[in-house]
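One file, work_33.tsv, carrying TSV, C-alpha atoms and all ligand atoms:
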```
chain	number	residue	atom	x	y	z
A	1	MET	CA	0.00	0.00	0.00
A	2	SER	CA	1.17	3.51	-0.56
A	3	GLY	CA	2.30	6.01	2.06
A	4	GLY	CA	5.43	7.98	1.58
A	5	GLY	CA	5.54	6.34	-1.83
A	6	THR	CA	2.02	7.25	-3.04
A	7	VAL	CA	2.14	8.27	-6.70
A	8	ASP	CA	2.36	11.94	-7.34
A	9	ARG	CA	-1.20	13.00	-8.23
A	10	PRO	CA	-3.64	15.33	-6.47
A	11	HIS	CA	-5.54	13.61	-3.66
A	12	PRO	CA	-9.29	14.07	-3.62
A	13	THR	CA	-10.76	16.25	-0.89
A	14	ASP	CA	-12.79	14.76	1.95
A	15	GLU	CA	-16.02	15.83	0.26
A	16	GLN	CA	-14.98	14.22	-3.01
A	17	LEU	CA	-14.00	11.00	-1.21
A	18	ALA	CA	-17.32	10.83	0.59
A	19	SER	CA	-19.23	11.12	-2.67
A	20	MET	CA	-17.26	8.47	-4.59
A	21	SER	CA	-18.75	5.05	-5.34
A	22	ASP	CA	-16.95	1.84	-4.36
A	23	GLU	CA	-15.97	1.30	-7.98
A	24	GLU	CA	-14.43	4.78	-8.21
A	25	LEU	CA	-12.62	4.25	-4.92
A	26	VAL	CA	-11.19	0.96	-6.25
A	27	THR	CA	-9.90	2.67	-9.40
A	28	LEU	CA	-8.46	5.48	-7.30
A	29	GLY	CA	-6.81	3.01	-4.92
A	30	LEU	CA	-5.17	1.16	-7.80
A	31	GLU	CA	-3.86	4.40	-9.24
A	32	LEU	CA	-2.57	5.68	-5.92
A	33	ASP	CA	-0.89	2.38	-5.22
A	34	ASP	CA	0.75	2.44	-8.57
A	35	VAL	CA	-0.87	-0.88	-9.39
A	36	GLU	CA	-1.21	-1.86	-13.00
A	37	LEU	CA	-3.77	-4.52	-13.83
A	38	ALA	CA	-1.96	-6.42	-16.59
A	39	TYR	CA	-4.60	-9.11	-17.15
A	40	ARG	CA	-8.02	-10.01	-15.80
A	41	ARG	CA	-10.52	-12.68	-16.84
A	42	GLU	CA	-13.84	-13.32	-15.13
A	43	ARG	CA	-14.43	-17.05	-14.57
A	44	TRP	CA	-18.14	-16.72	-15.22
A	45	PRO	CA	-18.84	-13.70	-17.45
A	46	VAL	CA	-22.46	-14.91	-17.87
A	47	LYS	CA	-23.97	-15.42	-14.42
A	48	GLY	CA	-26.18	-18.31	-13.39
A	49	THR	CA	-25.35	-20.83	-16.13
A	50	LYS	CA	-25.76	-24.56	-15.52
A	51	ALA	CA	-22.00	-25.00	-15.66
A	52	GLU	CA	-21.57	-22.38	-12.92
A	53	LYS	CA	-24.15	-24.12	-10.73
A	54	ARG	CA	-22.40	-27.44	-11.30
A	55	ALA	CA	-19.08	-25.93	-10.27
A	56	GLU	CA	-20.74	-24.48	-7.20
A	57	ARG	CA	-22.14	-27.89	-6.21
A	58	SER	CA	-18.78	-29.60	-6.65
A	59	VAL	CA	-17.11	-27.07	-4.33
A	60	ALA	CA	-19.94	-27.36	-1.80
A	61	ALA	CA	-19.56	-31.16	-1.84
A	62	TRP	CA	-16.00	-30.83	-0.48
A	63	PHE	CA	-17.15	-28.54	2.33
A	64	VAL	CA	-19.99	-30.92	3.19
A	65	LEU	CA	-17.50	-33.81	3.25
A	66	ALA	CA	-15.32	-31.77	5.65
A	67	GLY	CA	-18.33	-31.14	7.89
A	68	ILE	CA	-19.52	-34.75	7.94
A	69	ALA	CA	-16.00	-36.10	8.60
A	70	SER	CA	-15.45	-33.57	11.40
A	71	LEU	CA	-18.77	-34.44	13.04
A	72	ALA	CA	-17.90	-38.14	12.71
A	73	PHE	CA	-14.61	-37.37	14.50
A	74	VAL	CA	-16.48	-35.70	17.35
A	75	GLY	CA	-18.91	-38.66	17.58
A	76	ILE	CA	-16.10	-41.23	17.61
A	77	TYR	CA	-14.10	-39.21	20.11
A	78	LEU	CA	-17.06	-39.03	22.49
A	79	PHE	CA	-18.77	-42.39	22.09
A	80	TRP	CA	-16.41	-45.01	20.61
A	81	PRO	CA	-15.15	-47.59	23.17
A	82	TRP	CA	-11.63	-46.30	23.67
A	83	GLU	CA	-10.57	-48.13	26.84
A	84	TYR	CA	-7.96	-50.85	26.45
A	85	GLU	CA	-9.33	-54.32	25.73
A	86	PRO	CA	-6.87	-57.22	25.98
A	87	TRP	CA	-6.01	-59.30	22.96
A	88	GLY	CA	-8.59	-62.05	22.48
A	89	SER	CA	-11.50	-60.14	24.02
A	90	ASP	CA	-14.62	-59.56	21.85
A	91	ARG	CA	-14.18	-55.81	22.01
A	92	ASN	CA	-10.48	-55.77	21.19
A	93	MET	CA	-11.22	-55.03	17.51
A	94	LEU	CA	-13.39	-52.01	18.41
A	95	TYR	CA	-10.67	-50.69	20.72
A	96	THR	CA	-8.03	-51.24	18.03
A	97	LEU	CA	-10.05	-49.21	15.52
A	98	TYR	CA	-10.40	-46.17	17.79
A	99	THR	CA	-7.18	-44.33	16.89
A	100	PRO	CA	-7.24	-45.15	13.13
A	101	LEU	CA	-10.83	-43.89	12.90
A	102	LEU	CA	-9.92	-40.65	14.65
A	103	GLY	CA	-7.02	-40.20	12.22
A	104	LEU	CA	-9.15	-41.04	9.20
A	105	THR	CA	-12.00	-38.66	10.04
A	106	MET	CA	-9.65	-35.85	11.05
A	107	GLY	CA	-7.68	-36.30	7.82
A	108	LEU	CA	-10.87	-36.26	5.71
A	109	GLY	CA	-12.12	-33.15	7.53
A	110	ILE	CA	-8.93	-31.19	6.86
A	111	LEU	CA	-8.64	-32.54	3.32
A	112	GLY	CA	-12.27	-31.64	2.48
A	113	LEU	CA	-11.87	-28.06	3.67
A	114	GLY	CA	-8.49	-27.63	1.98
A	115	VAL	CA	-9.58	-29.06	-1.36
A	116	GLY	CA	-12.84	-27.05	-1.19
A	117	VAL	CA	-10.96	-23.76	-0.72
A	118	ILE	CA	-8.53	-24.58	-3.54
A	119	ALA	CA	-11.38	-25.64	-5.84
A	120	TYR	CA	-13.25	-22.43	-5.05
A	121	SER	CA	-10.29	-20.23	-5.88
A	122	LYS	CA	-9.70	-22.11	-9.14
A	123	LYS	CA	-13.32	-22.06	-10.26
A	124	PHE	CA	-14.61	-18.71	-9.04
A	125	VAL	CA	-11.86	-16.21	-8.21
A	126	PRO	CA	-11.14	-14.03	-11.29
A	127	ASP	CA	-7.92	-14.85	-13.05
A	128	GLU	CA	-5.78	-11.70	-12.95
A	129	THR	CA	-2.24	-10.45	-12.95
A	130	ALA	CA	-1.41	-7.13	-11.26
A	131	VAL	CA	1.92	-5.39	-10.88
A	132	GLN	CA	2.67	-2.99	-8.02
A	133	GLN	CA	5.77	-0.91	-7.40
A	134	ARG	CA	7.33	-1.25	-3.94
A	135	HIS	CA	6.63	1.62	-1.52
A	136	THR	CA	7.72	2.41	2.02
A	137	GLY	CA	6.27	4.27	5.00
A	138	GLY	CA	2.90	4.38	6.76
A	139	SER	CA	-0.50	4.68	5.09
A	140	SER	CA	-2.35	7.94	4.62
A	141	GLU	CA	-6.08	8.42	5.22
A	142	VAL	CA	-6.78	8.16	1.51
A	143	ASP	CA	-4.92	4.85	1.37
A	144	LYS	CA	-6.88	3.42	4.27
A	145	LYS	CA	-10.19	4.36	2.70
A	146	THR	CA	-9.31	3.01	-0.72
A	147	THR	CA	-7.95	-0.19	0.84
A	148	VAL	CA	-11.27	-0.89	2.49
A	149	ALA	CA	-12.95	-0.34	-0.88
A	150	LEU	CA	-10.46	-2.68	-2.55
A	151	LEU	CA	-11.09	-5.41	-0.02
A	152	GLY	CA	-14.81	-5.01	-0.50
A	153	ASP	CA	-14.29	-5.21	-4.25
A	154	SER	CA	-12.22	-8.38	-3.84
A	155	MET	CA	-15.04	-10.01	-1.88
A	156	GLU	CA	-17.44	-8.95	-4.62
A	157	SER	CA	-15.14	-10.30	-7.36
A	158	ILE	CA	-14.73	-13.71	-5.80
A	159	GLY	CA	-18.51	-13.85	-5.53
A	160	ILE	CA	-18.74	-15.62	-2.15
A	161	GLY	CA	-21.46	-13.23	-0.98
A	162	ARG	CA	-23.99	-14.26	-3.62
A	163	ARG	CA	-23.25	-18.01	-3.56
A	164	SER	CA	-25.43	-19.11	-0.71
A	165	LEU	CA	-24.87	-22.87	-1.29
A	166	ILE	CA	-21.12	-22.43	-0.94
A	167	LYS	CA	-21.50	-20.04	2.00
A	168	ARG	CA	-23.67	-22.52	3.88
A	169	SER	CA	-21.54	-25.56	3.10
A	170	LEU	CA	-18.35	-23.65	3.98
A	171	GLY	CA	-19.92	-22.59	7.28
A	172	PHE	CA	-20.88	-26.19	7.99
A	173	GLY	CA	-17.47	-27.62	7.05
A	174	ALA	CA	-15.36	-24.97	8.79
A	175	GLY	CA	-17.62	-24.88	11.86
A	176	ALA	CA	-17.53	-28.65	12.33
A	177	LEU	CA	-13.78	-28.65	11.74
A	178	GLY	CA	-13.42	-25.97	14.43
A	179	ILE	CA	-15.36	-28.12	16.92
A	180	MET	CA	-13.20	-31.11	15.95
A	181	ALA	CA	-10.06	-29.08	16.60
A	182	ILE	CA	-11.01	-28.11	20.15
A	183	MET	CA	-12.60	-31.42	21.20
A	184	PRO	CA	-9.36	-33.26	22.08
A	185	LEU	CA	-8.42	-30.46	24.50
A	186	GLY	CA	-11.17	-31.81	26.76
A	187	GLY	CA	-9.06	-34.91	27.36
A	188	LEU	CA	-6.34	-32.75	28.91
A	189	VAL	CA	-8.64	-31.39	31.59
A	190	LYS	CA	-7.96	-33.87	34.37
A	191	ASN	CA	-7.53	-33.62	38.08
A	192	PRO	CA	-4.20	-35.28	38.98
A	193	TRP	CA	-5.03	-35.17	42.70
A	194	LYS	CA	-8.35	-37.02	42.37
A	195	GLY	CA	-8.36	-39.86	44.88
A	196	GLY	CA	-6.21	-38.16	47.54
A	197	ALA	CA	-3.33	-40.37	48.70
A	198	ASP	CA	-4.38	-42.97	46.12
A	199	ALA	CA	-4.24	-40.49	43.23
A	200	ALA	CA	-2.28	-41.65	40.19
A	201	LEU	CA	0.16	-38.83	40.86
A	202	TRP	CA	1.40	-40.44	44.07
A	203	THR	CA	1.09	-44.16	43.39
A	204	SER	CA	2.40	-46.84	41.02
A	205	GLY	CA	2.01	-50.58	40.64
A	206	TRP	CA	4.62	-50.92	43.40
A	207	THR	CA	2.47	-49.15	45.98
A	208	PRO	CA	1.49	-51.79	48.62
A	209	ARG	CA	-2.20	-52.66	48.90
A	210	ASN	CA	-3.93	-55.04	51.32
A	211	ASN	CA	-0.60	-56.40	52.62
A	212	GLU	CA	-0.22	-58.36	49.39
A	213	THR	CA	3.23	-59.50	48.32
A	214	ILE	CA	4.43	-57.70	45.20
A	215	TYR	CA	6.59	-60.00	43.07
A	216	LEU	CA	9.07	-58.96	40.42
A	217	ARG	CA	7.70	-60.27	37.11
A	218	ARG	CA	9.45	-60.48	33.76
A	219	SER	CA	7.74	-59.58	30.49
A	220	THR	CA	7.53	-62.43	28.01
A	221	GLY	CA	5.69	-60.44	25.35
A	222	ARG	CA	2.37	-62.10	26.24
A	223	SER	CA	0.36	-60.07	28.72
A	224	HIS	CA	-1.30	-63.07	30.41
A	225	ASP	CA	2.00	-64.87	31.16
A	226	VAL	CA	3.22	-64.70	34.76
A	227	GLU	CA	6.92	-65.45	35.06
A	228	LEU	CA	8.46	-64.62	38.41
A	229	ILE	CA	12.15	-64.22	39.05
A	230	ARG	CA	14.50	-66.02	41.40
A	231	PRO	CA	18.06	-65.01	42.22
A	232	GLY	CA	20.18	-66.98	39.81
A	233	ASP	CA	17.86	-66.27	36.87
A	234	LEU	CA	20.14	-63.38	35.95
A	235	ASP	CA	23.81	-63.70	35.08
A	236	ALA	CA	26.30	-61.49	36.89
A	237	GLY	CA	26.47	-58.17	35.01
A	238	ALA	CA	22.99	-58.61	33.50
A	239	MET	CA	19.98	-56.31	33.57
A	240	GLU	CA	16.30	-57.13	33.08
A	241	THR	CA	13.20	-54.94	33.08
A	242	VAL	CA	10.65	-56.19	35.61
A	243	PHE	CA	7.06	-55.30	36.51
A	244	PRO	CA	4.91	-55.69	39.64
A	245	PHE	CA	2.69	-58.75	40.12
A	246	ARG	CA	0.21	-59.65	42.88
A	247	GLU	CA	-1.43	-63.07	43.32
A	248	SER	CA	-4.86	-61.39	43.21
A	249	GLU	CA	-4.13	-60.47	39.57
A	250	ARG	CA	-3.53	-64.06	38.44
A	251	GLY	CA	-5.97	-64.97	35.66
A	252	ASN	CA	-7.14	-61.35	35.33
A	253	ASP	CA	-6.01	-60.42	31.83
A	254	GLU	CA	-6.81	-56.77	32.21
A	255	ALA	CA	-4.87	-56.34	35.46
A	256	LEU	CA	-1.93	-58.36	34.13
A	257	SER	CA	-1.63	-56.36	30.94
A	258	SER	CA	-2.22	-53.07	32.74
A	259	ALA	CA	0.74	-53.85	35.06
A	260	LEU	CA	2.94	-54.10	31.97
A	261	ARG	CA	1.60	-50.94	30.37
A	262	GLU	CA	1.48	-48.42	33.20
A	263	SER	CA	4.16	-45.87	32.58
A	264	ASP	CA	5.72	-45.72	36.06
A	265	ASN	CA	5.88	-49.50	36.62
A	266	PRO	CA	9.03	-50.57	34.72
A	267	VAL	CA	11.99	-51.25	37.00
A	268	MET	CA	15.50	-52.26	36.02
A	269	LEU	CA	16.72	-55.25	37.98
A	270	ILE	CA	20.51	-55.29	37.82
A	271	ARG	CA	22.81	-58.02	39.05
A	272	LEU	CA	26.25	-56.58	39.63
A	273	ARG	CA	29.39	-58.56	39.02
A	274	PRO	CA	30.81	-59.69	42.41
A	275	ALA	CA	33.87	-57.44	42.14
A	276	ASP	CA	31.64	-54.42	41.44
A	277	GLY	CA	29.39	-55.26	44.38
A	278	ASN	CA	32.26	-54.44	46.75
A	279	ARG	CA	32.58	-50.91	45.33
A	280	VAL	CA	28.97	-49.87	45.86
A	281	VAL	CA	28.30	-46.61	47.70
A	282	LYS	CA	24.86	-46.75	49.30
A	283	ARG	CA	22.62	-43.77	49.84
A	284	ALA	CA	21.72	-42.82	53.39
A	285	GLY	CA	18.38	-44.41	54.28
A	286	GLN	CA	18.63	-46.97	51.47
A	287	GLU	CA	21.37	-49.19	52.91
A	288	ASP	CA	19.22	-52.34	52.84
A	289	PHE	CA	17.35	-51.71	49.57
A	290	ASN	CA	19.43	-54.23	47.62
A	291	TYR	CA	19.44	-58.01	47.86
A	292	GLY	CA	23.07	-59.11	47.63
A	293	ASP	CA	24.30	-58.04	44.21
A	294	TYR	CA	20.76	-57.32	43.01
A	295	TYR	CA	19.71	-53.66	42.75
A	296	ALA	CA	16.38	-52.40	41.41
A	297	TYR	CA	15.99	-48.88	40.02
A	298	SER	CA	13.02	-47.17	38.38
A	299	LYS	CA	13.45	-47.19	34.64
A	300	ILE	CA	11.82	-43.78	34.21
A	301	CYS	CA	14.42	-41.08	33.65
A	302	THR	CA	14.32	-38.29	36.22
A	303	HIS	CA	14.95	-35.72	33.51
A	304	ALA	CA	11.95	-35.96	31.17
A	305	GLY	CA	10.58	-39.44	31.75
A	306	CYS	CA	12.11	-41.49	28.93
A	307	PRO	CA	12.87	-45.15	29.60
A	308	THR	CA	16.53	-45.38	30.59
A	309	SER	CA	16.89	-48.70	28.92
A	310	LEU	CA	20.62	-48.97	28.34
A	311	TYR	CA	22.82	-50.62	30.96
A	312	GLU	CA	26.52	-50.58	30.26
A	313	GLN	CA	28.04	-53.47	32.19
A	314	GLN	CA	31.72	-52.44	31.90
A	315	SER	CA	31.25	-48.95	33.32
A	316	ASN	CA	28.20	-49.78	35.47
A	317	ARG	CA	26.31	-46.90	33.95
A	318	ILE	CA	22.66	-46.61	32.98
A	319	LEU	CA	22.19	-44.45	29.91
A	320	CYS	CA	19.09	-42.56	28.87
A	321	PRO	CA	18.85	-42.40	25.08
A	322	CYS	CA	16.73	-39.24	25.01
A	323	HIS	CA	19.22	-36.60	26.17
A	324	GLN	CA	22.15	-38.79	27.13
A	325	SER	CA	21.90	-38.60	30.91
A	326	GLN	CA	24.07	-41.22	32.61
A	327	PHE	CA	23.48	-42.73	36.05
A	328	ASP	CA	26.12	-44.50	38.15
A	329	VAL	CA	24.76	-47.85	39.35
A	330	LEU	CA	27.55	-48.18	41.93
A	331	THR	CA	26.54	-44.87	43.54
A	332	TYR	CA	22.77	-45.34	44.05
A	333	ALA	CA	22.10	-44.47	40.35
A	334	LYS	CA	23.00	-40.86	40.84
A	335	PRO	CA	23.33	-38.79	37.64
A	336	ILE	CA	26.91	-38.20	36.54
A	337	PHE	CA	26.34	-36.78	33.08
A	338	GLY	CA	23.57	-35.02	31.12
A	339	PRO	CA	20.55	-32.97	32.14
A	340	ALA	CA	19.05	-35.32	34.78
A	341	ALA	CA	19.53	-33.82	38.25
A	342	ARG	CA	18.16	-36.54	40.50
A	343	ALA	CA	19.10	-40.17	41.16
A	344	LEU	CA	16.83	-42.89	39.79
A	345	PRO	CA	14.53	-43.96	42.65
A	346	GLN	CA	15.55	-47.31	44.13
A	347	LEU	CA	13.03	-50.06	44.86
A	348	PRO	CA	13.73	-52.01	48.06
A	349	ILE	CA	13.83	-55.75	47.24
A	350	THR	CA	14.37	-59.06	48.96
A	351	VAL	CA	13.68	-62.78	48.44
A	352	ASN	CA	10.58	-64.34	50.02
A	353	ASP	CA	10.09	-67.81	51.56
A	354	GLU	CA	9.30	-69.29	48.16
A	355	GLY	CA	12.62	-68.05	46.80
A	356	TYR	CA	11.22	-65.31	44.53
A	357	LEU	CA	12.44	-61.74	44.32
A	358	VAL	CA	9.80	-59.42	45.79
A	359	ALA	CA	9.45	-55.74	46.67
A	360	LYS	CA	10.22	-55.09	50.33
A	361	GLY	CA	8.29	-51.80	50.29
A	362	ASN	CA	7.45	-48.87	48.07
A	363	PHE	CA	9.72	-46.31	46.44
A	364	ILE	CA	10.48	-43.62	48.98
A	365	GLU	CA	10.57	-40.81	46.43
A	366	SER	CA	8.58	-39.88	43.34
A	367	ILE	CA	9.20	-41.70	40.09
A	368	GLY	CA	10.19	-39.91	36.91
A	369	PRO	CA	10.72	-36.21	36.26
A	370	ALA	CA	10.50	-33.80	39.15
A	371	PHE	CA	7.22	-31.99	39.67
A	372	TRP	CA	6.20	-29.13	41.88
A	373	GLU	CA	5.12	-31.21	44.85
A	374	ARG	CA	8.07	-33.56	44.96
A	375	LYS	CA	9.34	-34.12	48.50
A	376	SER	CA	12.81	-35.41	47.69
B	401	LIG	S1	14.71	-37.96	29.47
B	401	LIG	FE1	16.50	-38.94	30.06
B	401	LIG	S2	18.02	-37.53	29.68
B	401	LIG	FE2	16.23	-36.49	29.11
```

Could I get this structure in the form of structure tokens?
Amino acid sequence: MSGGGTVDRPHPTDEQLASMSDEELVTLGLELDDVELAYRRERWPVKGTKAEKRAERSVAAWFVLAGIASLAFVGIYLFWPWEYEPWGSDRNMLYTLYTPLLGLTMGLGILGLGVGVIAYSKKFVPDETAVQQRHTGGSSEVDKKTTVALLGDSMESIGIGRRSLIKRSLGFGAGALGIMAIMPLGGLVKNPWKGGADAALWTSGWTPRNNETIYLRRSTGRSHDVELIRPGDLDAGAMETVFPFRESERGNDEALSSALRESDNPVMLIRLRPADGNRVVKRAGQEDFNYGDYYAYSKICTHAGCPTSLYEQQSNRILCPCHQSQFDVLTYAKPIFGPAARALPQLPITVNDEGYLVAKGNFIESIGPAFWERKS
């Protein structure tokens, strides 16, 4: 737009401006902006032909598709059975389809609106080429007035105002897409303290309940398998990821698979080599958390919560692949490199009368990244 660079021609007075039609203001604006219209072709020089109506319906069809797909997304998001169903259950297929259906309907919604807008501009917006010289500086009053007229003229040229079918279908498609976009935010509104001391924020699968023994269980890849661990199952210098198991969960597929899936449950069970066992520095208050050469640490990185799945036997370090934090197993898994600032919480373990490794109690500090109510 012009300003300091407005072309050198007399500006109309306020009275003249007030009496000018929109068309005259558009012509004036083009002149003042030093814009030269090199080429212009109306898409539909004869209004209301069958071909124009057909084009209108084809554009509207895309907007309607966007609207229907977006509403389908909202319906699936609200009513589809989304809760985990174990493999083999009748409803497992429905659960499995939940995420793909959300992706499909969201994709169709965005695609419909995008293709509709492109089709509209190709079929209805006049084809024109304009050249404008570059100007600098702020806009004068005349420029502002003529700009408003130009924008109005653009709306008139693209004809959206008089195409009620397209206006309605666009409103439907864009409105439904807008609802679809904000729906998932509802899932983020949760109360992490719900349940008091039993809230998910404070507990994990290792939190004792009903005086039940919590065994260390290995994952076999099948959620219903229960394989417990005895000392001697691990070679010296080995590491295995273990999960909590209670006898009351035996035969309960949902509880067994949930114990494997819950994000704060994985624990690294490490058996040190005998020579390394003699070099261990224990943390005050955790002197009896190990069982011989067996040490159990939460697998959830205290930096940002990634699984710290790499155990380097030679250096006795646990490595987090996300941002390369390293934890020293011989010094209560305290961080010695990278952004993590807190040791990995240690799970107290022992061996019960049956000879299985079991938890001797709960973690005494919070698992994973620090949060604002952490006590340690
Ligand atoms: S999450 Fe482990 S280092 Fe960042």

Q: Kindly compile the residues surrounding ligand LIG 401 (chain B) within 12 Å, counting only C-alpha atoms and all ligand atoms, and format them as a PyMOL selection string.
A: chain A and resi 299-310+318-327+335-344+368-370

(Q) Please list as JSON, numbers by chain every residue within 6 Å of Arg317 in chain A, counting all atoms listed in the file and excluding residues in the same chain fewer than 6 positions away. (A) {"A": [311, 327, 328, 329]}

Q: Using only C-alpha atoms, determine which residues lie at most 6 Å from range 267-280 of chain A, disregarding the query and same-chain residues fewer than 4 positions distant; provide the list as a ChimeraX atom specification.
A: /A:236-242,293-299,330

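As for CA of Trp62 in chain A and CA of Ser121 in chain A, they are spaced 13.2 Å apart.
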
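For the pair CA of Lys123 in chain A and CA of Leu170 in chain A, the separation is 15.2 Å.
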
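Shell of range 221-227 of chain A at 9 Å, with all atoms listed in the file counted and residues fewer than 5 places along the chain excluded, is Pro86, Trp87, Leu216, Phe245, Arg250, Gly251, Asn252, Asp253, Glu254, Leu256, Ser257, Ser258, Ala259 and Leu260 of chain A.
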
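We find CA of Glu36 in chain A and CA of Thr147 in chain A to be spaced 15.5 Å apart.
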
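Nearest-residue note for Pro348 in chain A: choosing from A:His11, A:Lys47, A:Asp288, A:Asn316, the minimum distance belongs to A:Asp288, counting only C-alpha atoms.
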
(Q) Ranking A:Thr105, A:Ser169, A:Ser58, A:Thr220 by minimum distance to Ala72 in chain A and counting only C-alpha atoms, which one comes first? (A) A:Thr105

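If you count only C-alpha atoms and ignore residues fewer than 4 places along the chain from Met183 in chain A, what sits within 9 Å of it is Val74, Tyr77, Leu78, Gly178, Ile179 and Gly187 of chain A.
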
How would range 117-135 of chain A look with N, CA and C atoms restored, written as a PDB file, in the frame of the given file?
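This went into selection_8.pdb:
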```pdb
ATOM      1  N   VAL A 117     -11.456 -25.136  -0.573  1.00  0.00           N
ATOM      2  CA  VAL A 117     -10.960 -23.760  -0.720  1.00  0.00           C
ATOM      3  C   VAL A 117     -10.154 -23.629  -2.021  1.00  0.00           C
ATOM      4  N   ILE A 118      -9.326 -24.643  -2.307  1.00  0.00           N
ATOM      5  CA  ILE A 118      -8.530 -24.580  -3.540  1.00  0.00           C
ATOM      6  C   ILE A 118      -9.463 -24.624  -4.764  1.00  0.00           C
ATOM      7  N   ALA A 119     -10.452 -25.521  -4.703  1.00  0.00           N
ATOM      8  CA  ALA A 119     -11.380 -25.640  -5.840  1.00  0.00           C
ATOM      9  C   ALA A 119     -12.139 -24.330  -6.036  1.00  0.00           C
ATOM     10  N   TYR A 120     -12.517 -23.694  -4.917  1.00  0.00           N
ATOM     11  CA  TYR A 120     -13.250 -22.430  -5.050  1.00  0.00           C
ATOM     12  C   TYR A 120     -12.393 -21.372  -5.728  1.00  0.00           C
ATOM     13  N   SER A 121     -11.137 -21.269  -5.286  1.00  0.00           N
ATOM     14  CA  SER A 121     -10.290 -20.230  -5.880  1.00  0.00           C
ATOM     15  C   SER A 121     -10.022 -20.522  -7.354  1.00  0.00           C
ATOM     16  N   LYS A 122      -9.948 -21.778  -7.725  1.00  0.00           N
ATOM     17  CA  LYS A 122      -9.700 -22.110  -9.140  1.00  0.00           C
ATOM     18  C   LYS A 122     -10.939 -21.886 -10.001  1.00  0.00           C
ATOM     19  N   LYS A 123     -12.111 -22.123  -9.437  1.00  0.00           N
ATOM     20  CA  LYS A 123     -13.320 -22.060 -10.260  1.00  0.00           C
ATOM     21  C   LYS A 123     -14.014 -20.705 -10.237  1.00  0.00           C
ATOM     22  N   PHE A 124     -13.803 -19.923  -9.159  1.00  0.00           N
ATOM     23  CA  PHE A 124     -14.610 -18.710  -9.040  1.00  0.00           C
ATOM     24  C   PHE A 124     -13.816 -17.399  -8.918  1.00  0.00           C
ATOM     25  N   VAL A 125     -12.615 -17.453  -8.388  1.00  0.00           N
ATOM     26  CA  VAL A 125     -11.860 -16.210  -8.210  1.00  0.00           C
ATOM     27  C   VAL A 125     -11.344 -15.756  -9.573  1.00  0.00           C
ATOM     28  N   PRO A 126     -11.582 -14.486  -9.970  1.00  0.00           N
ATOM     29  CA  PRO A 126     -11.140 -14.030 -11.290  1.00  0.00           C
ATOM     30  C   PRO A 126      -9.643 -14.257 -11.479  1.00  0.00           C
ATOM     31  N   ASP A 127      -9.318 -14.598 -12.714  1.00  0.00           N
ATOM     32  CA  ASP A 127      -7.920 -14.850 -13.050  1.00  0.00           C
ATOM     33  C   ASP A 127      -7.307 -13.502 -13.401  1.00  0.00           C
ATOM     34  N   GLU A 128      -6.349 -13.008 -12.624  1.00  0.00           N
ATOM     35  CA  GLU A 128      -5.780 -11.700 -12.950  1.00  0.00           C
ATOM     36  C   GLU A 128      -4.316 -11.610 -12.566  1.00  0.00           C
ATOM     37  N   THR A 129      -3.645 -10.716 -13.258  1.00  0.00           N
ATOM     38  CA  THR A 129      -2.240 -10.450 -12.950  1.00  0.00           C
ATOM     39  C   THR A 129      -2.100  -8.951 -12.730  1.00  0.00           C
ATOM     40  N   ALA A 130      -1.589  -8.553 -11.562  1.00  0.00           N
ATOM     41  CA  ALA A 130      -1.410  -7.130 -11.260  1.00  0.00           C
ATOM     42  C   ALA A 130       0.037  -6.883 -10.860  1.00  0.00           C
ATOM     43  N   VAL A 131       0.534  -5.728 -11.218  1.00  0.00           N
ATOM     44  CA  VAL A 131       1.920  -5.390 -10.880  1.00  0.00           C
ATOM     45  C   VAL A 131       1.910  -4.132 -10.031  1.00  0.00           C
ATOM     46  N   GLN A 132       2.623  -4.169  -8.892  1.00  0.00           N
ATOM     47  CA  GLN A 132       2.670  -2.990  -8.020  1.00  0.00           C
ATOM     48  C   GLN A 132       4.123  -2.637  -7.704  1.00  0.00           C
ATOM     49  N   GLN A 133       4.423  -1.354  -7.758  1.00  0.00           N
ATOM     50  CA  GLN A 133       5.770  -0.910  -7.400  1.00  0.00           C
ATOM     51  C   GLN A 133       5.892  -0.932  -5.877  1.00  0.00           C
ATOM     52  N   ARG A 134       7.111  -1.191  -5.394  1.00  0.00           N
ATOM     53  CA  ARG A 134       7.330  -1.250  -3.940  1.00  0.00           C
ATOM     54  C   ARG A 134       7.349   0.161  -3.338  1.00  0.00           C
ATOM     55  N   HIS A 135       6.630   0.339  -2.223  1.00  0.00           N
ATOM     56  CA  HIS A 135       6.630   1.620  -1.520  1.00  0.00           C
ATOM     57  C   HIS A 135       7.036   1.429  -0.068  1.00  0.00           C
TER      58      HIS A 135
END
```
